[in-house]
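Q: Before I ask anything, here is the structure I am working with.
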Amino acid sequence: MKKIVLFILLVPFASFSQARLGSTKSEIYTEFIDLAPRVSLAPDGTEYLVLNIEEYMVLHYFDKADMCITSVIYPKTVAAQNALVDSYNSKYVCIEPGLWRMYISDERYDEVKRISVDQLTYFVWD
């Protein structure tokens with residue numbers, strides 16, 4: 001029961017990221033102004049927007065035209081990570097373990113990959 005309640009509470013916060021691919025930096029910034037988003041630069045000069053949401057940190061990366069090209073979700077707890085996996089398993093097509101596809105049309109889709117490095121797990125939408 002505790003897992004179900006946690007899942008219901010966490011998934012609405014985690015599920016917003018994938019829908020922002022193709023959105024502009026100003027659209028995302030304005031939409032999440034209450035979360036005090038901040039803009040940073042990657043070592044290669046790519047701008048990204050950082051959002052801290054209770055159990056998640058979300059980074060939205062932008063191209064030169066300020067369009068979101070990649071979103072990265074860092075779950076801060078194992079429970080948050082499991083909530084994302086459960087959500088993705090129920091909403092999207094699981095291509096292989098750790099890879100889901102969200103179909104937008106017959107020819108277009110977004111993919112999310114689960115990546116684990118040094119005991120850190122994150123999810124990349126592109």
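Going by the structure tokens order, chains are called A, B, ..., each with residues numbered from 1, while ligands are numbered from 1 in the order shown.
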Can you pull out the residues contacting Tyr103 (chain A)? Cut-off 12 Å, using only C-alpha atoms, and skip same-chain residues under 3 positions away; I want them as a short mmCIF file (atom, residue, chain, number, x, y, z; two decimals) with C-alpha atoms, in the first residue's frame.
A:
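File written: around-v1.cif
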data_model
loop_
_atom_site.label_atom_id
_atom_site.label_comp_id
_atom_site.auth_asym_id
_atom_site.auth_seq_id
_atom_site.Cartn_x
_atom_site.Cartn_y
_atom_site.Cartn_z
CA GLN A 18 9.14 14.10 -21.81
CA ALA A 19 6.41 16.42 -23.06
CA LYS A 91 2.41 4.34 -20.41
CA TYR A 92 4.98 3.54 -23.10
CA VAL A 93 6.22 0.65 -25.20
CA CYS A 94 9.15 -1.12 -23.57
CA ILE A 95 11.59 -1.85 -26.41
CA TRP A 100 10.91 2.92 -23.67
CA ASP A 106 3.21 6.21 -36.89
CA GLU A 107 6.48 7.79 -38.01
CA ARG A 108 7.54 9.89 -35.01
CA TYR A 109 8.40 8.96 -31.46
CA ASP A 110 10.48 9.98 -28.46
CA GLU A 111 12.58 7.51 -26.50
CA VAL A 112 13.61 7.41 -22.88
#
Q: Region 52-90 of chain A near region 29-44 of chain A within 10 Å: what's each residue's closest atom pair and its distance in Å to one decimal, counting only C-alpha atoms, ordered by chain then ascending residue number, as a tab-separated table?
A:
residue	atom	partner	partner_atom	distance
A:Asn52	CA	A:Leu35	CA	6.8
A:Ile53	CA	A:Leu35	CA	7.2
A:Glu54	CA	A:Leu35	CA	9.9
A:Val58	CA	A:Pro37	CA	9.8
A:Leu59	CA	A:Val39	CA	9.5
A:His60	CA	A:Val39	CA	9.4
A:Tyr61	CA	A:Ala42	CA	9.1
Q: For Gly22 (chain A), which of A:Asp86, A:Gln81, A:Ser71, A:Val117 is the closest residue, counting only C-alpha atoms?
A: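 Nearest to Gly22 (chain A): A:Ser71.
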Q: Please run DSSP on the backbone and report, as an MDAnalysis selection string, all residues within region 41-98 of chain A that come out as strand (DSSP E).
A: chainID A and resid 41 47:53 56:62 68:75 93:96
Q: Only C-alpha atoms, please: the residues just picked out, written as a short mmCIF file (atom, residue, chain, number, x, y, z; two decimals), in the first residue's frame.
A:
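Ended up saving to selection13.cif:
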data_model
loop_
_atom_site.label_atom_id
_atom_site.label_comp_id
_atom_site.auth_asym_id
_atom_site.auth_seq_id
_atom_site.Cartn_x
_atom_site.Cartn_y
_atom_site.Cartn_z
CA LEU A 41 26.07 26.00 -19.35
CA GLU A 47 22.58 25.75 -22.35
CA TYR A 48 20.35 23.76 -20.03
CA LEU A 49 17.60 24.59 -17.58
CA VAL A 50 17.65 23.01 -14.10
CA LEU A 51 14.44 22.23 -12.22
CA ASN A 52 14.41 20.75 -8.71
CA ILE A 53 11.17 18.93 -8.00
CA TYR A 56 13.69 14.65 -8.96
CA MET A 57 16.14 16.99 -10.60
CA VAL A 58 15.32 17.62 -14.25
CA LEU A 59 17.67 19.12 -16.84
CA HIS A 60 16.36 20.38 -20.19
CA TYR A 61 19.06 20.87 -22.86
CA PHE A 62 18.59 23.31 -25.74
CA CYS A 68 14.54 21.54 -26.01
CA ILE A 69 16.38 18.63 -27.60
CA THR A 70 17.06 16.43 -24.56
CA SER A 71 15.61 16.08 -21.08
CA VAL A 72 17.37 14.25 -18.25
CA ILE A 73 15.58 13.15 -15.08
CA TYR A 74 17.67 12.33 -12.00
CA PRO A 75 15.58 10.53 -9.36
CA VAL A 93 6.22 0.65 -25.20
CA CYS A 94 9.15 -1.12 -23.57
CA ILE A 95 11.59 -1.85 -26.41
CA GLU A 96 14.08 -3.58 -24.11
#
Q: In Å, rounded to a single decimal, give me how far CA of Glu55 (chain A) is from CA of Arg20 (chain A).
A: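 One can read the CA of Arg20 (chain A) to CA of Glu55 (chain A) distance as 18.8 Å.
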Q: Tell me which of A:Ile28, A:Met102, A:Val85, A:Ala79 sits closest to Ile115 (chain A), counting only C-alpha atoms.
A: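 That would be A:Val85, the residue with the smallest distance to Ile115 (chain A).
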Q: Go through chain A and collect every residue that DSSP, computed from the backbone, puts in helix (DSSP H, G or I); the answer should be as a ChimeraX atom specification.
A: /A:2-14,17-20,25-31,33-35,78-91
Q: Measure the distance from CA of Gly45 (chain A) to CA of Arg101 (chain A) in Å and round it to one decimal.
A: 28.6 Å
Q: Taking only C-alpha atoms into account, name the residue in A:Gln119, A:Leu21, A:Trp125, A:Asn89 that is nearest to Thr77 (chain A).
A: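 Of A:Gln119, A:Leu21, A:Trp125, A:Asn89, the one nearest Thr77 (chain A) is A:Gln119, counting only C-alpha atoms.
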Q: Provide the CA of Tyr88 (chain A) to CA of Thr46 (chain A) distance in Å, to one decimal place.
A: 27.5 Å
